[in-house]
>>> print(open('my_file_6.tsv').read())   # TSV, N, CA and C atoms
chain	number	residue	atom	x	y	z
A	5	ALA	N	69.49	79.14	-23.15
A	5	ALA	CA	69.71	78.14	-24.17
A	5	ALA	C	69.42	76.77	-23.59
A	6	THR	N	68.66	75.98	-24.32
A	6	THR	CA	68.34	74.63	-23.91
A	6	THR	C	69.50	73.71	-24.23
A	7	GLN	N	69.88	72.93	-23.25
A	7	GLN	CA	71.00	72.02	-23.42
A	7	GLN	C	70.47	70.59	-23.40
A	8	PHE	N	70.90	69.79	-24.39
A	8	PHE	CA	70.49	68.39	-24.46
A	8	PHE	C	71.32	67.59	-23.46
A	9	GLN	N	70.63	66.82	-22.64
A	9	GLN	CA	71.32	66.02	-21.64
A	9	GLN	C	70.66	64.64	-21.58
A	10	VAL	N	71.45	63.59	-21.67
A	10	VAL	CA	70.94	62.23	-21.58
A	10	VAL	C	70.97	61.80	-20.13
A	11	ARG	N	69.82	61.34	-19.65
A	11	ARG	CA	69.72	60.85	-18.28
A	11	ARG	C	69.24	59.42	-18.30
A	12	CYS	N	69.23	58.81	-17.16
A	12	CYS	CA	68.77	57.44	-17.02
A	12	CYS	C	67.31	57.35	-17.47
A	13	PRO	N	66.97	56.37	-18.34
A	13	PRO	CA	65.59	56.26	-18.80
A	13	PRO	C	64.62	55.84	-17.69
A	14	PHE	N	65.14	55.34	-16.59
A	14	PHE	CA	64.27	54.93	-15.49
A	14	PHE	C	64.06	56.05	-14.48
A	15	ASP	N	64.63	57.22	-14.72
A	15	ASP	CA	64.41	58.38	-13.88
A	15	ASP	C	63.21	59.12	-14.46
A	16	PHE	N	62.03	58.94	-13.85
A	16	PHE	CA	60.81	59.46	-14.42
A	16	PHE	C	60.45	60.85	-13.91
A	17	SER	N	61.32	61.48	-13.16
A	17	SER	CA	61.02	62.81	-12.66
A	17	SER	C	61.83	63.86	-13.42
A	18	ASP	N	61.29	65.04	-13.45
A	18	ASP	CA	61.94	66.15	-14.13
A	18	ASP	C	62.79	66.92	-13.11
A	19	LYS	N	64.08	66.96	-13.32
A	19	LYS	CA	64.99	67.60	-12.37
A	19	LYS	C	64.70	69.09	-12.21
A	20	ARG	N	64.24	69.75	-13.29
A	20	ARG	CA	63.92	71.18	-13.17
A	20	ARG	C	62.79	71.39	-12.20
A	21	ALA	N	61.78	70.53	-12.26
A	21	ALA	CA	60.64	70.68	-11.35
A	21	ALA	C	61.06	70.39	-9.91
A	22	GLU	N	62.00	69.43	-9.72
A	22	GLU	CA	62.47	69.13	-8.38
A	22	GLU	C	63.16	70.33	-7.76
A	23	GLU	N	63.93	71.04	-8.54
A	23	GLU	CA	64.64	72.21	-8.02
A	23	GLU	C	63.67	73.33	-7.66
A	24	GLN	N	62.59	73.46	-8.42
A	24	GLN	CA	61.65	74.55	-8.20
A	24	GLN	C	60.71	74.30	-7.03
A	25	SER	N	60.35	73.04	-6.79
A	25	SER	CA	59.31	72.76	-5.80
A	25	SER	C	59.78	71.74	-4.77
A	26	SER	N	60.77	72.10	-4.00
A	26	SER	CA	61.25	71.18	-2.97
A	26	SER	C	60.21	71.09	-1.86
A	27	GLY	N	60.06	69.89	-1.31
A	27	GLY	CA	59.11	69.68	-0.23
A	27	GLY	C	57.75	69.22	-0.69
A	28	SER	N	57.44	69.29	-1.98
A	28	SER	CA	56.14	68.82	-2.45
A	28	SER	C	56.30	67.47	-3.13
A	29	VAL	N	55.21	66.76	-3.25
A	29	VAL	CA	55.20	65.45	-3.89
A	29	VAL	C	55.33	65.65	-5.40
A	30	ARG	N	56.15	64.81	-6.05
A	30	ARG	CA	56.34	64.96	-7.50
A	30	ARG	C	56.74	63.61	-8.10
A	31	GLY	N	56.70	63.55	-9.41
A	31	GLY	CA	57.11	62.34	-10.12
A	31	GLY	C	56.19	61.17	-9.84
A	32	LEU	N	56.77	59.99	-9.77
A	32	LEU	CA	55.99	58.79	-9.52
A	32	LEU	C	55.32	58.80	-8.16
A	33	GLU	N	55.87	59.57	-7.23
A	33	GLU	CA	55.25	59.66	-5.91
A	33	GLU	C	53.87	60.30	-5.97
A	34	ARG	N	53.59	61.07	-7.00
A	34	ARG	CA	52.24	61.61	-7.18
A	34	ARG	C	51.24	60.48	-7.37
A	35	ILE	N	51.68	59.42	-8.05
A	35	ILE	CA	50.78	58.33	-8.40
A	35	ILE	C	50.63	57.34	-7.25
A	36	THR	N	51.75	56.91	-6.68
A	36	THR	CA	51.72	55.96	-5.57
A	36	THR	C	53.00	56.06	-4.76
A	37	ARG	N	52.91	55.67	-3.48
A	37	ARG	CA	54.11	55.63	-2.64
A	37	ARG	C	55.00	54.44	-2.99
A	38	HIS	N	54.47	53.47	-3.71
A	38	HIS	CA	55.21	52.23	-4.00
A	38	HIS	C	55.19	51.93	-5.50
A	39	PRO	N	55.87	52.75	-6.29
A	39	PRO	CA	55.81	52.56	-7.75
A	39	PRO	C	56.41	51.25	-8.23
A	40	GLY	N	57.45	50.75	-7.56
A	40	GLY	CA	58.04	49.48	-7.97
A	40	GLY	C	57.08	48.32	-7.83
A	41	LEU	N	56.39	48.27	-6.69
A	41	LEU	CA	55.41	47.21	-6.47
A	41	LEU	C	54.26	47.30	-7.48
A	42	TRP	N	53.74	48.50	-7.65
A	42	TRP	CA	52.58	48.65	-8.52
A	42	TRP	C	52.93	48.49	-10.00
A	43	SER	N	54.17	48.73	-10.37
A	43	SER	CA	54.58	48.48	-11.76
A	43	SER	C	54.39	47.00	-12.09
A	44	PHE	N	54.89	46.16	-11.21
A	44	PHE	CA	54.71	44.72	-11.43
A	44	PHE	C	53.24	44.31	-11.27
A	45	GLY	N	52.53	44.98	-10.37
A	45	GLY	CA	51.10	44.69	-10.22
A	45	GLY	C	50.32	44.98	-11.49
A	46	PHE	N	50.62	46.10	-12.14
A	46	PHE	CA	49.93	46.43	-13.39
A	46	PHE	C	50.34	45.51	-14.54
A	47	ILE	N	51.59	45.09	-14.54
A	47	ILE	CA	52.01	44.11	-15.56
A	47	ILE	C	51.21	42.83	-15.38
A	48	GLY	N	51.07	42.38	-14.15
A	48	GLY	CA	50.28	41.18	-13.88
A	48	GLY	C	48.82	41.34	-14.26
A	49	MET	N	48.24	42.49	-13.94
A	49	MET	CA	46.84	42.73	-14.31
A	49	MET	C	46.66	42.73	-15.82
A	50	GLY	N	47.58	43.38	-16.52
A	50	GLY	CA	47.51	43.40	-17.98
A	50	GLY	C	47.61	42.01	-18.57
A	51	GLN	N	48.51	41.21	-18.03
A	51	GLN	CA	48.67	39.84	-18.50
A	51	GLN	C	47.42	39.01	-18.18
A	52	SER	N	46.79	39.28	-17.05
A	52	SER	CA	45.58	38.52	-16.70
A	52	SER	C	44.45	38.81	-17.68
A	53	PHE	N	44.37	40.03	-18.20
A	53	PHE	CA	43.33	40.35	-19.18
A	53	PHE	C	43.57	39.62	-20.50
A	54	LEU	N	44.81	39.25	-20.77
A	54	LEU	CA	45.14	38.55	-22.00
A	54	LEU	C	45.07	37.04	-21.86
A	55	SER	N	44.93	36.55	-20.64
A	55	SER	CA	44.91	35.11	-20.41
A	55	SER	C	43.57	34.52	-20.82
A	56	SER	N	43.62	33.27	-21.25
A	56	SER	CA	42.41	32.65	-21.79
A	56	SER	C	41.62	31.84	-20.76
A	57	THR	N	42.21	31.49	-19.63
A	57	THR	CA	41.50	30.68	-18.65
A	57	THR	C	41.39	31.42	-17.33
A	58	VAL	N	40.37	31.06	-16.56
A	58	VAL	CA	40.14	31.71	-15.27
A	58	VAL	C	41.29	31.46	-14.29
A	59	PRO	N	41.80	30.22	-14.17
A	59	PRO	CA	42.93	30.04	-13.24
A	59	PRO	C	44.14	30.91	-13.60
A	60	LEU	N	44.45	31.06	-14.87
A	60	LEU	CA	45.57	31.92	-15.25
A	60	LEU	C	45.27	33.38	-14.95
A	61	ARG	N	44.04	33.79	-15.13
A	61	ARG	CA	43.67	35.17	-14.81
A	61	ARG	C	43.85	35.45	-13.32
A	62	ILE	N	43.43	34.50	-12.50
A	62	ILE	CA	43.61	34.66	-11.05
A	62	ILE	C	45.09	34.67	-10.70
A	63	TRP	N	45.86	33.76	-11.32
A	63	TRP	CA	47.30	33.69	-11.07
A	63	TRP	C	47.98	35.01	-11.39
A	64	TRP	N	47.64	35.61	-12.55
A	64	TRP	CA	48.30	36.85	-12.96
A	64	TRP	C	47.84	38.06	-12.16
A	65	MET	N	46.75	37.94	-11.41
A	65	MET	CA	46.33	39.04	-10.54
A	65	MET	C	47.13	39.04	-9.24
A	66	GLY	N	47.91	38.00	-9.00
A	66	GLY	CA	48.72	37.89	-7.79
A	66	GLY	C	49.65	39.06	-7.56
A	67	PRO	N	50.40	39.51	-8.57
A	67	PRO	CA	51.29	40.66	-8.32
A	67	PRO	C	50.55	41.92	-7.87
A	68	ALA	N	49.33	42.13	-8.33
A	68	ALA	CA	48.56	43.30	-7.87
A	68	ALA	C	48.18	43.14	-6.40
A	69	ALA	N	47.83	41.92	-6.01
A	69	ALA	CA	47.52	41.67	-4.59
A	69	ALA	C	48.76	41.87	-3.73
A	70	VAL	N	49.91	41.42	-4.23
A	70	VAL	CA	51.16	41.61	-3.49
A	70	VAL	C	51.49	43.09	-3.38
A	71	ALA	N	51.25	43.85	-4.46
A	71	ALA	CA	51.51	45.29	-4.42
A	71	ALA	C	50.63	45.97	-3.38
A	72	TRP	N	49.36	45.61	-3.34
A	72	TRP	CA	48.43	46.22	-2.39
A	72	TRP	C	48.80	45.84	-0.96
A	73	LEU	N	48.98	44.54	-0.71
A	73	LEU	CA	49.30	44.09	0.64
A	73	LEU	C	50.71	44.51	1.06
A	74	GLY	N	51.67	44.37	0.14
A	74	GLY	CA	53.04	44.75	0.45
A	74	GLY	C	53.19	46.24	0.72
A	75	GLY	N	52.51	47.05	-0.08
A	75	GLY	CA	52.53	48.49	0.15
A	75	GLY	C	51.89	48.87	1.47
A	76	SER	N	50.78	48.25	1.80
A	76	SER	CA	50.11	48.52	3.08
A	76	SER	C	50.98	48.08	4.25
A	77	HIS	N	51.63	46.92	4.11
A	77	HIS	CA	52.50	46.43	5.17
A	77	HIS	C	53.71	47.37	5.37
A	78	THR	N	54.31	47.79	4.26
A	78	THR	CA	55.44	48.72	4.34
A	78	THR	C	55.03	50.01	5.01
A	79	ASP	N	53.87	50.54	4.63
A	79	ASP	CA	53.37	51.77	5.24
A	79	ASP	C	53.17	51.60	6.75
A	80	SER	N	52.60	50.46	7.15
A	80	SER	CA	52.35	50.25	8.58
A	80	SER	C	53.66	50.15	9.36
A	81	ARG	N	54.66	49.51	8.76
A	81	ARG	CA	55.98	49.42	9.42
A	81	ARG	C	56.62	50.81	9.52
A	82	PHE	N	56.54	51.58	8.44
A	82	PHE	CA	57.14	52.91	8.46
A	82	PHE	C	56.43	53.83	9.45
A	83	ARG	N	55.11	53.69	9.61
A	83	ARG	CA	54.39	54.50	10.60
A	83	ARG	C	54.89	54.21	12.01
A	84	ARG	N	55.29	52.96	12.25
A	84	ARG	CA	55.80	52.57	13.57
A	84	ARG	C	57.29	52.81	13.70
A	85	GLY	N	57.92	53.33	12.64
A	85	GLY	CA	59.35	53.61	12.69
A	85	GLY	C	60.24	52.40	12.49
A	86	LEU	N	59.70	51.35	11.90
A	86	LEU	CA	60.47	50.13	11.65
A	86	LEU	C	60.94	50.10	10.21
A	87	GLY	N	62.22	50.32	10.00
A	87	GLY	CA	62.79	50.22	8.66
A	87	GLY	C	62.69	51.47	7.81
A	88	GLY	N	62.08	52.50	8.29
A	88	GLY	CA	61.94	53.74	7.53
A	88	GLY	C	60.97	54.68	8.22
A	89	THR	N	60.64	55.75	7.55
A	89	THR	CA	59.70	56.72	8.12
A	89	THR	C	58.62	57.05	7.10
A	90	LEU	N	57.48	57.45	7.59
A	90	LEU	CA	56.38	57.91	6.76
A	90	LEU	C	55.82	59.16	7.42
A	91	PRO	N	56.42	60.32	7.09
A	91	PRO	CA	55.96	61.57	7.72
A	91	PRO	C	54.48	61.83	7.42
A	92	PRO	N	53.72	62.34	8.39
A	92	PRO	CA	52.29	62.60	8.19
A	92	PRO	C	52.01	63.53	7.01
A	93	GLU	N	52.85	64.56	6.80
A	93	GLU	CA	52.61	65.49	5.69
A	93	GLU	C	52.80	64.80	4.33
A	94	TYR	N	53.71	63.82	4.27
A	94	TYR	CA	53.91	63.04	3.04
A	94	TYR	C	52.77	62.05	2.84
A	95	GLU	N	52.37	61.40	3.93
A	95	GLU	CA	51.29	60.41	3.85
A	95	GLU	C	49.96	61.04	3.43
A	96	CYS	N	49.70	62.25	3.90
A	96	CYS	CA	48.41	62.87	3.57
A	96	CYS	C	48.35	63.36	2.12
A	97	GLN	N	49.51	63.45	1.43
A	97	GLN	CA	49.52	63.87	0.03
A	97	GLN	C	49.63	62.71	-0.95
A	98	THR	N	49.91	61.50	-0.44
A	98	THR	CA	50.15	60.35	-1.31
A	98	THR	C	49.24	59.20	-0.90
A	99	SER	N	49.29	58.11	-1.69
A	99	SER	CA	48.51	56.92	-1.35
A	99	SER	C	49.24	55.67	-1.81
A	100	ASN	N	48.85	54.55	-1.22
A	100	ASN	CA	49.37	53.27	-1.66
A	100	ASN	C	48.72	52.89	-2.99
A	101	ILE	N	47.43	53.08	-3.10
A	101	ILE	CA	46.67	52.73	-4.32
A	101	ILE	C	46.98	53.78	-5.39
A	102	PRO	N	47.40	53.34	-6.58
A	102	PRO	CA	47.75	54.31	-7.64
A	102	PRO	C	46.60	55.27	-7.97
A	103	PHE	N	46.95	56.52	-8.07
A	103	PHE	CA	46.07	57.63	-8.47
A	103	PHE	C	45.02	58.00	-7.43
A	104	LEU	N	44.92	57.28	-6.31
A	104	LEU	CA	43.89	57.59	-5.32
A	104	LEU	C	44.06	58.98	-4.72
A	105	ALA	N	45.28	59.35	-4.38
A	105	ALA	CA	45.50	60.68	-3.80
A	105	ALA	C	45.19	61.78	-4.81
A	106	MET	N	45.47	61.54	-6.07
A	106	MET	CA	45.18	62.54	-7.10
A	106	MET	C	43.68	62.66	-7.32
A	107	LEU	N	42.99	61.53	-7.40
A	107	LEU	CA	41.55	61.55	-7.63
A	107	LEU	C	40.77	62.12	-6.44
A	108	SER	N	41.30	61.92	-5.23
A	108	SER	CA	40.60	62.41	-4.05
A	108	SER	C	40.90	63.88	-3.74
A	109	GLY	N	41.80	64.49	-4.51
A	109	GLY	CA	42.10	65.91	-4.33
A	109	GLY	C	43.13	66.21	-3.26
A	110	LYS	N	43.82	65.19	-2.76
A	110	LYS	CA	44.81	65.41	-1.69
A	110	LYS	C	46.01	66.22	-2.18
A	111	GLN	N	46.25	66.25	-3.49
A	111	GLN	CA	47.41	66.97	-4.03
A	111	GLN	C	47.02	68.29	-4.67
A	112	GLY	N	45.80	68.69	-4.51
A	112	GLY	CA	45.36	69.97	-5.06
A	112	GLY	C	44.72	69.82	-6.43
A	113	SER	N	44.15	70.90	-6.90
A	113	SER	CA	43.40	70.86	-8.16
A	113	SER	C	44.31	70.85	-9.38
A	114	ASP	N	45.56	71.24	-9.23
A	114	ASP	CA	46.47	71.27	-10.39
A	114	ASP	C	47.40	70.07	-10.45
A	115	CYS	N	47.07	68.98	-9.74
A	115	CYS	CA	47.97	67.83	-9.69
A	115	CYS	C	48.12	67.15	-11.05
A	116	TRP	N	47.06	67.11	-11.84
A	116	TRP	CA	47.15	66.46	-13.16
A	116	TRP	C	48.03	67.28	-14.10
A	117	GLU	N	47.91	68.59	-14.03
A	117	GLU	CA	48.76	69.46	-14.84
A	117	GLU	C	50.22	69.33	-14.41
A	118	SER	N	50.45	69.26	-13.11
A	118	SER	CA	51.81	69.09	-12.60
A	118	SER	C	52.40	67.75	-13.03
A	119	LEU	N	51.59	66.70	-12.99
A	119	LEU	CA	52.06	65.38	-13.42
A	119	LEU	C	52.44	65.41	-14.90
A	120	TRP	N	51.63	66.07	-15.69
A	120	TRP	CA	51.91	66.17	-17.12
A	120	TRP	C	53.23	66.92	-17.37
A	121	LYS	N	53.46	67.98	-16.62
A	121	LYS	CA	54.70	68.75	-16.77
A	121	LYS	C	55.92	67.93	-16.37
A	122	GLU	N	55.76	67.02	-15.41
A	122	GLU	CA	56.87	66.21	-14.93
A	122	GLU	C	57.13	64.96	-15.77
A	123	THR	N	56.21	64.64	-16.65
A	123	THR	CA	56.33	63.42	-17.44
A	123	THR	C	57.29	63.62	-18.61
A	124	LYS	N	58.10	62.62	-18.85
A	124	LYS	CA	58.99	62.63	-20.01
A	124	LYS	C	58.24	62.03	-21.19
A	125	PRO	N	57.95	62.81	-22.22
A	125	PRO	CA	57.17	62.30	-23.36
A	125	PRO	C	57.83	61.11	-24.06
A	126	LEU	N	59.14	61.11	-24.16
A	126	LEU	CA	59.82	60.00	-24.83
A	126	LEU	C	59.62	58.70	-24.07
A	127	ASN	N	59.73	58.73	-22.74
A	127	ASN	CA	59.50	57.52	-21.94
A	127	ASN	C	58.05	57.05	-22.07
A	128	ALA	N	57.10	57.98	-22.03
A	128	ALA	CA	55.70	57.62	-22.16
A	128	ALA	C	55.42	57.00	-23.52
A	129	ALA	N	55.94	57.59	-24.58
A	129	ALA	CA	55.73	57.05	-25.93
A	129	ALA	C	56.36	55.67	-26.07
A	130	ALA	N	57.56	55.51	-25.56
A	130	ALA	CA	58.23	54.21	-25.65
A	130	ALA	C	57.44	53.14	-24.91
A	131	SER	N	56.92	53.46	-23.73
A	131	SER	CA	56.14	52.46	-22.99
A	131	SER	C	54.84	52.12	-23.69
A	132	LEU	N	54.19	53.11	-24.30
A	132	LEU	CA	52.96	52.83	-25.04
A	132	LEU	C	53.22	51.97	-26.27
A	133	VAL	N	54.28	52.26	-26.99
A	133	VAL	CA	54.62	51.46	-28.18
A	133	VAL	C	54.95	50.03	-27.78
A	134	LEU	N	55.79	49.86	-26.77
A	134	LEU	CA	56.17	48.51	-26.35
A	134	LEU	C	54.98	47.72	-25.82
A	135	SER	N	54.13	48.34	-25.02
A	135	SER	CA	52.97	47.61	-24.50
A	135	SER	C	51.98	47.28	-25.60
A	136	THR	N	51.82	48.17	-26.57
A	136	THR	CA	50.94	47.87	-27.71
A	136	THR	C	51.47	46.70	-28.52
A	137	LEU	N	52.76	46.69	-28.78
A	137	LEU	CA	53.36	45.56	-29.50
A	137	LEU	C	53.20	44.27	-28.72
A	138	TRP	N	53.36	44.32	-27.42
A	138	TRP	CA	53.19	43.12	-26.57
A	138	TRP	C	51.77	42.60	-26.67
A	139	ILE	N	50.80	43.50	-26.59
A	139	ILE	CA	49.39	43.09	-26.66
A	139	ILE	C	49.07	42.52	-28.03
A	140	LEU	N	49.50	43.18	-29.08
A	140	LEU	CA	49.23	42.69	-30.44
A	140	LEU	C	49.87	41.32	-30.67
A	141	ARG	N	51.02	41.09	-30.10
A	141	ARG	CA	51.68	39.80	-30.22
A	141	ARG	C	50.89	38.71	-29.50
A	142	LYS	N	50.33	39.03	-28.35
A	142	LYS	CA	49.59	38.05	-27.55
A	142	LYS	C	48.21	37.77	-28.11
A	143	VAL	N	47.58	38.75	-28.74
A	143	VAL	CA	46.20	38.61	-29.20
A	143	VAL	C	46.10	37.71	-30.42
A	144	ARG	N	47.13	37.72	-31.25
A	144	ARG	CA	47.07	36.93	-32.49
A	144	ARG	C	46.98	35.49	-32.23
>>> encode(input="my_file_6.tsv", output="structure tokens")
Amino acid sequence: ATQFQVRCPFDFSDKRAEEQSSGSVRGLERITRHPGLWSFGFIGMGQSFLSSTVPLRIWWMGPAAVAWLGGSHTDSRFRRGLGGTLPPEYECQTSNIPFLAMLSGKQGSDCWESLWKETKPLNAAASLVLSTLWILRKVR
């Protein structure tokens, strides 16, 4: 019997999949090792596409540059054992750049299917609706 359970809307991983596949990359880690940084980076990139002047477009690309540089810096520190760890088996399955590990085949041929199974449709729909409303509001 399926039981309805309310969880945190910011928990983007499926707990059932976590229980079944311990030790493998899942959830947002499939996309990037630094989802918090890249979330703001993509918000900045999206805003830069909506900006009307070149200086504002460059300004709004700043968070993406910070995500790239900050993620690379964090990875280099973790490789040296400063502030955290980056195990080689985890590093070879993931990437700093979003979707790079998936596109390069580091996670296997079924990584897109696995990502789809781990995705919460309600969260995805809510984010698409909100971002569409944001864009429509800015374009007018």
>>> residues_around(input="my_file_6.tsv", residues="segment 71-77 of chain A", least_positions_apart="5", cutoff="6 Å", atoms="all atoms listed in the file", output="list in words")
Leu41, Trp42, Gly45, Gly66, Phe82 and Asn100 of chain A
>>> atom_distance(input="my_file_6.tsv", atom1="atom CA of Lys124 of chain A", atom2="atom C of Ser52 of chain A")
28.0 Å
>>> atom_distance(input="my_file_6.tsv", atom1="atom CA of Ser56 of chain A", atom2="atom CA of Leu134 of chain A")
21.5 Å
>>> atom_distance(input="my_file_6.tsv", atom1="atom N of Thr136 of chain A", atom2="atom C of Phe46 of chain A")
12.4 Å
>>> closest_residue(input="my_file_6.tsv", among="A:Gly85, A:Gly48, A:Gly112, A:Pro39", to="Ala68 of chain A", atoms="only N, CA and C atoms")
A:Gly48
>>> axis_aligned_box(input="my_file_6.tsv", around="segment 111-120 of chain A", padding_each_side="4 Å", output="lines of an AutoDock Vina configuration file")
center_x = 48.3
center_y = 68.3
center_z = -10.4
size_x = 17.8
size_y = 13.9
size_z = 21.9
>>> closest_residue(input="my_file_6.tsv", among="A:Asp79, A:Asn127, A:Ile47, A:Pro59", to="Ile101 of chain A", atoms="only C-alpha atoms")
A:Asp79
>>> select_by_dssp(input="my_file_6.tsv", residues="segment 66-97 of chain A", states="helix (DSSP H, G or I)", output="ChimeraX atom specification")
/A:66-83,92-95
>>> residues_around(input="my_file_6.tsv", residues="segment 115-118 of chain A", least_positions_apart="2", cutoff="12 Å", atoms="only C-alpha atoms", output="PyMOL selection string")
chain A and resi 17-18+21-22+25+28-35+97-98+103-113+120-123
